[in-house]
file target_5.txt (compact mmCIF, C-alpha atoms)
# COMPACT_ATOMS: atom_id res chain seq x y z
CA MET A 17 122.52 67.40 -11.59
CA ASN A 18 122.80 71.18 -11.49
CA PRO A 19 125.34 72.70 -9.02
CA ASN A 20 122.58 74.08 -6.83
CA ARG A 21 120.96 70.68 -6.42
CA ARG A 22 124.34 69.03 -5.77
CA TYR A 23 124.98 71.59 -3.03
CA GLN A 24 121.60 70.84 -1.41
CA LEU A 25 122.34 67.10 -1.48
CA LEU A 26 125.77 67.65 0.12
CA LEU A 27 124.20 69.82 2.81
CA PHE A 28 121.64 67.10 3.45
CA ILE A 29 124.30 64.40 3.83
CA VAL A 30 126.53 66.52 6.07
CA SER A 31 123.67 67.53 8.38
CA GLY A 32 122.60 63.87 8.50
CA LEU A 33 126.07 62.91 9.66
CA PHE A 34 125.97 65.58 12.36
CA LEU A 35 122.60 64.33 13.57
CA ALA A 36 123.84 60.73 13.69
CA ALA A 37 126.91 61.76 15.67
CA ALA A 38 124.80 63.75 18.14
CA GLN A 39 122.45 60.81 18.56
CA ALA A 40 125.36 58.44 19.17
CA ARG A 41 126.76 60.81 21.80
CA GLU A 42 123.38 60.93 23.54
CA GLU A 43 123.08 57.16 23.50
CA SER A 44 126.54 56.65 24.93
CA ALA A 45 125.71 59.17 27.68
CA GLN A 46 122.58 57.21 28.49
CA THR A 47 124.35 53.87 28.59
CA LYS A 48 127.26 55.23 30.61
CA LEU A 49 126.72 53.83 34.09
CA SER A 50 127.06 55.93 37.23
CA ASN A 51 129.75 55.05 39.77
CA VAL A 52 128.20 54.07 43.09
CA VAL A 53 130.12 53.23 46.26
CA ILE A 54 128.42 50.96 48.79
CA LEU A 55 129.59 51.66 52.33
CA ALA A 56 128.68 48.69 54.50
CA THR A 57 128.19 49.06 58.24
CA GLY A 58 126.55 45.74 59.16
CA GLY A 59 123.01 45.12 60.37
CA THR A 60 120.36 42.62 59.36
CA ILE A 61 121.01 43.18 55.66
CA ALA A 62 124.37 41.56 56.39
CA GLY A 63 122.83 39.08 58.80
CA ALA A 64 122.86 35.30 58.71
CA GLY A 65 120.32 32.92 60.21
CA ALA A 66 120.56 29.22 60.92
CA GLY A 67 118.10 28.35 58.14
CA ALA A 68 115.67 29.75 55.58
CA ALA A 69 112.83 29.84 58.14
CA ALA A 70 114.86 32.00 60.54
CA SER A 71 113.55 35.46 59.65
CA ALA A 72 113.79 37.01 63.13
CA THR A 73 116.41 35.00 65.04
CA TYR A 74 119.83 35.43 63.46
CA GLU A 75 123.12 37.13 63.99
CA ALA A 76 123.34 40.62 62.48
CA ALA A 77 126.47 41.98 60.79
CA LYS A 78 128.00 38.74 59.43
CA VAL A 79 128.10 38.93 55.63
CA PRO A 80 130.90 41.07 54.07
CA VAL A 81 129.96 43.73 51.50
CA ASP A 82 131.62 41.99 48.53
CA LYS A 83 129.47 38.92 49.15
CA LEU A 84 126.35 41.11 49.35
CA ILE A 85 127.21 42.71 45.99
CA ALA A 86 128.04 39.37 44.37
CA GLY A 87 124.63 38.09 45.46
CA ILE A 88 122.84 40.59 43.19
CA PRO A 89 124.02 40.17 39.56
CA GLU A 90 121.47 42.83 38.41
CA LEU A 91 123.50 45.53 40.20
CA LYS A 92 125.98 45.65 37.32
CA ASN A 93 123.22 46.88 35.01
CA ALA A 94 122.29 49.67 37.42
CA ALA A 95 125.74 51.11 38.16
CA ASN A 96 129.46 50.49 38.44
CA VAL A 97 129.40 49.33 42.03
CA LYS A 98 132.31 49.29 44.44
CA GLY A 99 132.02 48.05 48.03
CA GLU A 100 133.78 49.28 51.15
CA GLN A 101 133.37 47.78 54.61
CA VAL A 102 133.33 50.67 57.12
CA PHE A 103 132.01 48.78 60.16
CA GLN A 104 130.41 45.40 60.77
CA ILE A 105 128.04 46.15 63.65
CA ALA A 106 124.38 45.90 64.61
CA SER A 107 122.96 49.43 64.54
CA GLU A 108 121.80 49.59 68.18
CA SER A 109 125.51 49.77 69.02
CA PHE A 110 126.19 52.84 66.86
CA THR A 111 127.96 55.57 68.85
CA ASN A 112 128.62 59.25 68.11
CA GLU A 113 132.13 58.21 67.05
CA HIS A 114 130.67 55.79 64.48
CA LEU A 115 128.41 58.56 63.17
CA MET A 116 131.31 60.96 62.72
CA GLN A 117 133.67 58.43 61.16
CA LEU A 118 130.98 57.43 58.67
CA ALA A 119 130.02 61.02 57.85
CA LYS A 120 133.65 62.01 57.25
CA ARG A 121 134.07 59.07 54.86
CA VAL A 122 130.83 59.92 53.03
CA ALA A 123 131.85 63.58 52.70
CA ALA A 124 135.29 62.61 51.34
CA LEU A 125 133.79 60.19 48.79
CA ALA A 126 131.17 62.73 47.72
CA LYS A 127 134.00 65.11 46.78
CA GLN A 128 135.55 62.60 44.37
CA ASP A 129 134.83 63.15 40.68
CA ASP A 130 134.69 59.40 40.09
CA VAL A 131 131.86 58.92 42.62
CA ASP A 132 128.31 59.73 41.49
CA GLY A 133 126.35 58.33 44.41
CA ILE A 134 126.77 56.59 47.76
CA VAL A 135 124.76 53.78 49.32
CA ILE A 136 125.11 52.93 53.01
CA THR A 137 123.93 49.55 54.27
CA HIS A 138 122.86 49.84 57.88
CA GLY A 139 120.98 48.01 60.62
CA THR A 140 117.40 49.25 60.69
CA ASP A 141 117.20 50.01 64.44
CA THR A 142 119.04 53.35 64.34
CA LEU A 143 119.10 53.79 60.56
CA GLU A 144 116.85 56.86 60.81
CA GLU A 145 119.29 58.54 63.23
CA THR A 146 122.35 58.00 61.04
CA ALA A 147 120.42 59.10 57.94
CA TYR A 148 119.27 62.32 59.64
CA PHE A 149 122.80 62.98 60.92
CA LEU A 150 124.26 62.70 57.40
CA ASN A 151 121.41 64.88 56.10
CA LEU A 152 122.55 67.60 58.53
CA VAL A 153 126.33 67.50 58.10
CA VAL A 154 127.34 66.25 54.63
CA ARG A 155 127.64 69.16 52.20
CA SER A 156 126.94 67.44 48.90
CA ASP A 157 124.12 67.27 46.36
CA LYS A 158 125.11 63.77 45.24
CA PRO A 159 122.62 61.03 46.12
CA ILE A 160 123.33 59.45 49.52
CA VAL A 161 121.00 56.54 50.22
CA LEU A 162 120.68 54.45 53.38
CA VAL A 163 119.28 50.96 53.15
CA GLY A 164 118.66 48.01 55.41
CA SER A 165 116.46 44.97 55.60
CA LEU A 166 114.12 43.38 58.10
CA ARG A 167 115.03 39.83 57.20
CA PRO A 168 118.57 38.46 56.79
CA SER A 169 119.64 37.43 53.30
CA THR A 170 119.58 33.79 54.44
CA ALA A 171 115.82 33.92 55.15
CA MET A 172 112.99 33.04 52.78
CA SER A 173 111.61 36.08 50.98
CA SER A 174 114.41 38.27 52.33
CA ASP A 175 113.91 41.95 51.56
CA GLY A 176 117.65 42.66 51.55
CA LEU A 177 118.37 42.02 47.87
CA ILE A 178 115.59 44.17 46.42
CA ASN A 179 116.21 46.95 48.94
CA LEU A 180 119.92 47.10 48.08
CA TYR A 181 119.20 46.99 44.36
CA ASP A 182 116.66 49.84 44.73
CA ALA A 183 119.13 51.88 46.78
CA VAL A 184 121.80 51.52 44.07
CA VAL A 185 119.24 52.56 41.44
CA ILE A 186 118.49 55.73 43.42
CA ALA A 187 122.17 56.50 44.07
CA ALA A 188 122.90 56.09 40.33
CA SER A 189 120.03 58.34 39.30
CA LYS A 190 120.51 62.02 38.40
CA ASP A 191 116.94 62.70 39.60
CA ALA A 192 117.96 61.91 43.17
CA ARG A 193 120.51 64.75 43.29
CA GLY A 194 119.85 67.65 45.63
CA LYS A 195 117.05 65.91 47.53
CA GLY A 196 119.07 65.38 50.68
CA VAL A 197 119.94 62.07 52.26
CA LEU A 198 117.43 59.37 51.33
CA VAL A 199 116.28 56.09 52.85
CA CYS A 200 114.96 53.20 50.76
CA LEU A 201 113.12 50.12 51.99
CA ASN A 202 110.02 48.31 50.73
CA ASP A 203 110.14 50.12 47.32
CA GLU A 204 109.63 53.51 49.00
CA ILE A 205 112.02 56.49 48.91
CA HIS A 206 111.92 58.53 52.12
CA THR A 207 113.64 61.70 53.23
CA ALA A 208 116.11 61.01 56.02
CA ARG A 209 114.49 63.70 58.14
CA ASP A 210 111.00 62.24 58.33
CA VAL A 211 111.37 58.49 58.10
CA THR A 212 111.09 56.33 61.19
CA LYS A 213 110.92 52.65 62.03
CA ILE A 214 107.37 52.02 63.21
CA VAL A 215 107.28 48.23 63.44
CA ASN A 216 110.08 45.71 63.76
CA ILE A 217 108.74 42.34 62.60
CA LYS A 218 107.21 43.36 59.24
CA THR A 219 108.94 44.36 56.01
CA GLU A 220 106.84 47.55 55.78
CA ALA A 221 108.78 48.79 58.81
CA PHE A 222 109.63 52.34 57.69
CA LYS A 223 107.14 55.16 57.32
CA SER A 224 107.30 58.94 57.05
CA PRO A 225 104.51 60.72 58.95
CA TRP A 226 104.03 63.08 55.99
CA GLY A 227 104.49 60.42 53.31
CA PRO A 228 107.42 59.13 51.21
CA LEU A 229 109.13 61.25 48.53
CA GLY A 230 108.82 58.60 45.85
CA MET A 231 109.01 54.99 44.76
CA VAL A 232 111.39 52.64 42.98
CA VAL A 233 109.64 50.31 40.55
CA GLU A 234 111.54 47.83 38.37
CA GLY A 235 114.80 49.74 38.50
CA LYS A 236 113.36 53.22 37.92
CA THR A 237 112.77 56.07 40.36
CA TYR A 238 109.45 57.97 40.54
CA TRP A 239 109.20 61.19 42.57
CA PHE A 240 106.18 62.89 44.08
CA ARG A 241 107.41 65.50 46.59
CA LEU A 242 110.50 67.25 47.94
CA PRO A 243 111.88 67.82 51.46
CA ALA A 244 110.82 71.22 52.85
CA LYS A 245 113.52 71.52 55.53
CA ARG A 246 117.17 72.57 55.24
CA HIS A 247 119.61 69.75 54.44
CA THR A 248 123.05 68.87 53.01
CA THR A 249 124.16 71.75 50.75
CA GLN A 250 121.77 74.19 52.49
CA SER A 251 122.88 73.18 55.99
CA GLU A 252 124.87 75.45 58.30
CA PHE A 253 126.59 72.35 59.72
CA ASP A 254 129.59 70.65 58.16
CA ILE A 255 131.16 67.39 59.26
CA GLU A 256 134.57 68.76 58.26
CA ARG A 257 134.26 71.29 61.06
CA ILE A 258 132.86 68.96 63.74
CA ASP A 259 135.20 66.95 65.95
CA GLN A 260 132.91 66.06 68.83
CA LEU A 261 129.13 65.93 69.25
CA ALA A 262 127.45 67.42 72.29
CA PRO A 263 126.25 64.96 74.97
CA VAL A 264 122.45 64.78 74.73
CA GLU A 265 120.20 62.23 76.44
CA VAL A 266 116.57 61.12 76.13
CA VAL A 267 114.11 60.57 79.01
CA TYR A 268 110.81 58.78 78.48
CA GLY A 269 107.49 60.12 79.76
CA TYR A 270 104.93 57.84 81.43
CA GLY A 271 102.45 57.75 84.31
CA ASN A 272 104.02 58.20 87.77
CA MET A 273 107.23 59.43 86.10
CA SER A 274 110.20 60.12 88.38
CA ASP A 275 113.05 62.59 87.89
CA ALA A 276 115.77 60.05 88.70
CA ALA A 277 116.88 59.50 85.09
CA ILE A 278 116.86 63.25 84.39
CA LYS A 279 119.07 63.97 87.40
CA THR A 280 121.46 61.15 86.54
CA PHE A 281 121.88 62.28 82.94
CA ALA A 282 122.52 65.86 84.07
CA ALA A 283 125.01 64.69 86.70
CA ASN A 284 126.83 62.79 83.94
CA GLY A 285 127.26 65.94 81.88
CA ALA A 286 124.28 66.07 79.50
CA LYS A 287 124.10 69.46 77.77
CA ALA A 288 120.50 68.85 76.71
CA ILE A 289 117.69 66.54 77.82
CA ILE A 290 115.18 65.40 75.21
CA HIS A 291 111.91 64.80 77.05
CA ALA A 292 109.95 62.14 75.13
CA GLY A 293 106.67 63.37 76.53
CA THR A 294 103.20 61.91 76.23
CA GLY A 295 100.81 63.11 73.49
CA ASN A 296 101.55 66.75 72.64
CA GLY A 297 104.94 66.50 74.32
CA SER A 298 103.36 66.96 77.73
CA VAL A 299 105.51 66.93 80.86
CA ALA A 300 104.37 65.43 84.19
CA LYS A 301 103.95 67.94 87.01
CA SER A 302 106.29 65.87 89.14
CA VAL A 303 109.36 66.48 86.94
CA VAL A 304 108.83 70.15 85.96
CA PRO A 305 110.75 71.58 88.98
CA THR A 306 113.78 69.36 88.26
CA LEU A 307 113.77 70.34 84.58
CA ASN A 308 113.61 74.04 85.50
CA GLU A 309 116.39 73.66 88.04
CA LEU A 310 118.60 72.11 85.35
CA ARG A 311 117.66 74.81 82.84
CA GLY A 312 118.89 77.33 85.43
CA LYS A 313 122.23 75.51 85.34
CA GLY A 314 122.43 75.76 81.54
CA VAL A 315 121.06 72.36 80.49
CA HIS A 316 118.67 72.69 77.54
CA ILE A 317 115.23 71.10 77.93
CA ILE A 318 113.74 69.97 74.62
CA ARG A 319 110.16 68.74 74.46
CA SER A 320 109.45 65.92 71.99
CA SER A 321 106.65 63.34 71.88
CA ARG A 322 106.72 59.58 72.41
CA VAL A 323 103.78 59.25 69.96
CA THR A 324 105.00 57.02 67.12
CA GLY A 325 102.69 57.97 64.24
CA GLY A 326 103.96 61.58 64.03
CA GLY A 327 104.30 63.47 67.30
CA PHE A 328 103.83 67.21 66.83
CA VAL A 329 104.85 69.59 69.60
CA ILE A 330 103.60 73.19 69.57
CA ARG A 331 105.50 75.87 71.44
CA ASN A 332 103.76 77.18 74.58
CA ALA A 333 101.01 74.58 74.30
CA GLU A 334 100.93 72.15 77.28
CA GLN A 335 103.91 73.95 78.86
CA PRO A 336 104.94 77.66 78.97
CA ASP A 337 108.14 77.22 76.94
CA ASP A 338 108.83 80.98 76.70
CA LYS A 339 108.59 81.35 80.47
CA TYR A 340 110.71 78.26 81.21
CA ASP A 341 113.17 78.96 78.36
CA TRP A 342 112.62 75.48 76.92
CA VAL A 343 112.77 74.35 73.29
CA VAL A 344 110.26 72.23 71.35
CA SER A 345 111.37 69.58 68.86
CA HIS A 346 108.68 70.50 66.30
CA ASP A 347 107.74 67.13 64.73
CA LEU A 348 111.08 65.39 65.31
CA ASN A 349 110.81 62.19 67.31
CA PRO A 350 112.98 61.89 70.45
CA GLN A 351 115.84 60.01 68.77
CA LYS A 352 116.05 62.49 65.89
CA ALA A 353 115.77 65.41 68.30
CA ARG A 354 118.83 63.98 70.06
CA VAL A 355 120.79 63.93 66.79
CA LEU A 356 119.86 67.52 65.90
CA ALA A 357 120.62 68.83 69.41
CA ALA A 358 123.96 66.97 69.48
CA VAL A 359 124.91 68.65 66.18
CA ALA A 360 123.39 72.08 66.92
CA LEU A 361 125.09 72.40 70.31
CA THR A 362 128.49 72.13 68.64
CA GLN A 363 127.74 75.71 67.49
CA ALA A 364 124.62 77.29 69.01
CA GLN A 365 124.44 77.77 72.77
CA GLY A 366 121.35 79.94 73.33
CA SER A 367 117.84 78.49 73.48
CA LYS A 368 116.48 80.93 70.85
CA GLU A 369 119.13 79.84 68.38
CA LEU A 370 118.45 76.19 69.24
CA GLN A 371 114.70 76.72 68.68
CA ARG A 372 115.38 78.34 65.29
CA ILE A 373 117.42 75.29 64.30
CA PHE A 374 114.60 72.96 65.38
CA TRP A 375 112.13 74.86 63.15
CA GLU A 376 114.49 74.94 60.15
CA TYR A 377 115.97 71.41 59.95
CA MET B 29 116.69 43.79 64.93
CA SER B 30 118.41 40.59 65.91
CA LEU B 31 116.49 38.78 68.64
CA GLY B 32 117.73 36.10 70.94
CA LEU B 33 118.43 36.39 74.63
CA LYS B 34 121.82 35.56 75.97
CA ARG B 35 121.40 35.89 79.72
CA GLU B 36 119.19 33.89 82.07
CA LEU B 37 117.74 37.01 83.68
CA ASP B 38 116.49 38.66 80.49
CA PHE B 39 112.88 38.48 79.45
CA VAL B 40 111.00 40.19 76.66
CA SER B 41 107.83 42.28 76.85
CA ASP B 42 106.32 40.50 73.82
CA THR B 43 104.22 43.17 72.03
CA LEU B 44 103.69 45.52 74.98
CA ASN B 45 105.10 49.03 74.60
CA PRO B 46 107.37 50.35 77.39
CA GLN B 47 104.62 52.19 79.28
CA LYS B 48 102.36 49.09 79.28
CA ALA B 49 105.27 46.79 80.15
CA ARG B 50 105.82 49.02 83.20
CA VAL B 51 102.20 48.56 84.31
CA LEU B 52 102.30 44.77 83.92
CA LEU B 53 105.67 44.47 85.66
CA MET B 54 104.41 46.54 88.62
CA LEU B 55 101.59 44.03 89.06
CA ALA B 56 103.84 41.01 88.45
CA LEU B 57 106.23 42.19 91.16
CA THR B 58 103.42 42.05 93.71
CA LYS B 59 103.40 38.27 93.15
CA THR B 60 106.90 37.08 92.29
CA ASN B 61 110.57 37.85 91.69
CA ASP B 62 111.17 34.98 89.27
CA THR B 63 112.18 35.98 85.74
CA LYS B 64 110.70 32.81 84.21
CA GLU B 65 107.40 33.68 85.87
CA PHE B 66 107.65 37.27 84.53
CA GLN B 67 108.18 35.92 81.04
CA ARG B 68 105.13 33.66 81.35
CA MET B 69 103.05 36.64 82.43
CA PHE B 70 104.30 38.82 79.57
CA TYR B 71 103.26 36.12 77.09
CA THR B 72 99.95 35.52 78.86
CA TYR B 73 98.65 39.08 79.40

call {"tool": "encode", "arguments": {"input": "target_5.txt", "output": "structure tokens"}}
result
Amino acid sequence: MNPNRRYQLLLFIVSGLFLAAAQAREESAQTKLSNVVILATGGTIAGAGAGAAASATYEAAKVPVDKLIAGIPELKNAANVKGEQVFQIASESFTNEHLMQLAKRVAALAKQDDVDGIVITHGTDTLEETAYFLNLVVRSDKPIVLVGSLRPSTAMSSDGLINLYDAVVIAASKDARGKGVLVCLNDEIHTARDVTKIVNIKTEAFKSPWGPLGMVVEGKTYWFRLPAKRHTTQSEFDIERIDQLAPVEVVYGYGNMSDAAIKTFAANGAKAIIHAGTGNGSVAKSVVPTLNELRGKGVHIIRSSRVTGGGFVIRNAEQPDDKYDWVVSHDLNPQKARVLAAVALTQAQGSKELQRIFWEY
Amino acid sequence: MSLGLKRELDFVSDTLNPQKARVLLMLALTKTNDTKEFQRMFYTY
């Protein structure tokens, strides 16, 4: 073998070794599992019924998080999962204090280098409110995924196991970063801002008026669109600078509506009234004077719609919002409008600023 | 979404939304004040 040829062979072997090492590094990076923390708050996903046929009558918030995790052996292939019981409550009993305690814990965990993603198990009734709240106040690009179930884990064909597995898959995925707080049920990935519970007795309970962001299929995420509104890292709100949410209440619009609830809420210190109006966010003639009187006293009036398939309220349509100095909720449903107003009024006081926030978030 | 009523006086609106439940209850109250009777009507209408 001449020296030149020997040199070429050596070069070939050395570069081969380098390639093999690089490949091994890549493989170990691929097989290295993400660290996901599951924060459990209760709800149906932790519910227990009297028997396998009990899919709607059961006691929510019974099963501890470690038992939930142990019930899904496949989780260990998706991520290194650690459970933490934050609350054990049914979600209709969530208060502002629960929201803040949870958000502060999520924000603290998201700052830890050894946490790659966070899953929150939650009752489905107010899941959309908590998800939207976290979307507004947690400054992190790490995946934060809320999940619940419509049937308790003790029921036949319970949706809890697959939903929790899917949520862990999303939280462990790098693709989910920077997309804001997410909600996963029934294989669909939704943005926290849009998703709402539209039916309570079926497993396809959660829909986004403008469609889901993606899907989880057999342990893999697939994405189709991105949230258009400000969230998490792009938000002007930060849970670390919020100690108390503003008192905001919701009144429901209907035929022959009276102003009694509006007056009572205002007398009890509401800083804003969300009016869940009919159709386009319309307001009955009979309650307009009361709303204007309260606006004169500094209470914000925010028009939303009670329509469940995607209420859309246009400024100065139906009511002269400029003239009355009212705010419209854009496409936010009444319960989400409450969350945004309760957060926004910790900083903004003027109606123009409040309206800007309702367009942007 | 746990169901199950704990108190005697509670009754459920079945599948009626709040605005329709209001209409039915207005009519029911012209006939009776009995919660069991209300519940029967909500299941019937």

call {"tool": "residues_near_point", "arguments": {"input": "target_5.txt", "point": "(121.4, 67.3, 66.0)", "cutoff": "9 Å", "atoms": "all atoms listed in the file", "output": "list in words"}}
result
Tyr148, Phe149, Leu152, Leu261, Ala262, Lys352, Ala353, Arg354, Val355, Leu356, Ala357, Ala358, Val359, Ala360, Leu361, Thr362 and Phe374 of chain A

call {"tool": "interface_residues", "arguments": {"input": "target_5.txt", "of": "chain A", "to": "chain B", "cutoff": "9 Å", "atoms": "only C-alpha atoms", "output": "ChimeraX atom specification"}}
result
/A:59-60,63,72-76,106-108,139-141,166-167,216-217,269-271

call {"tool": "residues_near_point", "arguments": {"input": "target_5.txt", "point": "(105.8, 63.4, 62.5)", "cutoff": "9 Å", "atoms": "all atoms listed in the file", "output": "list in words"}}
result
Asp210, Val211, Thr212, Ser224, Pro225, Trp226, Val323, Thr324, Gly325, Gly326, Gly327, Phe328, His346, Asp347, Leu348 and Asn349 of chain A

call {"tool": "atom_distance", "arguments": {"input": "target_5.txt", "atom1": "atom CA of Asp337 of chain A", "atom2": "atom CA of Arg319 of chain A"}}
result
9.1 Å

call {"tool": "atom_distance", "arguments": {"input": "target_5.txt", "atom1": "atom CA of Ser345 of chain A", "atom2": "atom CA of Arg193 of chain A"}}
result
27.6 Å

call {"tool": "closest_residue", "arguments": {"input": "target_5.txt", "among": "A:Ala147, A:Ile255, A:Leu55, A:Met231", "to": "Arg209 of chain A", "atoms": "only C-alpha atoms"}}
result
A:Ala147

call {"tool": "residues_around", "arguments": {"input": "target_5.txt", "residues": "Thr43 of chain B", "least_positions_apart": "2", "cutoff": "9 Å", "atoms": "all atoms listed in the file", "output": "PyMOL selection string"}}
result
chain B and resi 40-41+45+49+70-71

call {"tool": "axis_aligned_box", "arguments": {"input": "target_5.txt", "around": "segment 218-235 of chain A", "padding_each_side": "4 Å", "output": "lines of an AutoDock Vina configuration file"}}
result
center_x = 109.4
center_y = 53.2
center_z = 48.8
size_x = 18.8
size_y = 27.7
size_z = 28.9

call {"tool": "residues_around", "arguments": {"input": "target_5.txt", "residues": "Arg68 of chain B", "least_positions_apart": "4", "cutoff": "10 Å", "atoms": "only C-alpha atoms", "output": "list in words"}}
result
Phe39, Val40, Thr63, Lys64, Thr72 and Tyr73 of chain B

call {"tool": "atom_distance", "arguments": {"input": "target_5.txt", "atom1": "atom CA of Asp82 of chain A", "atom2": "atom CA of Gln104 of chain A"}}
result
12.8 Å
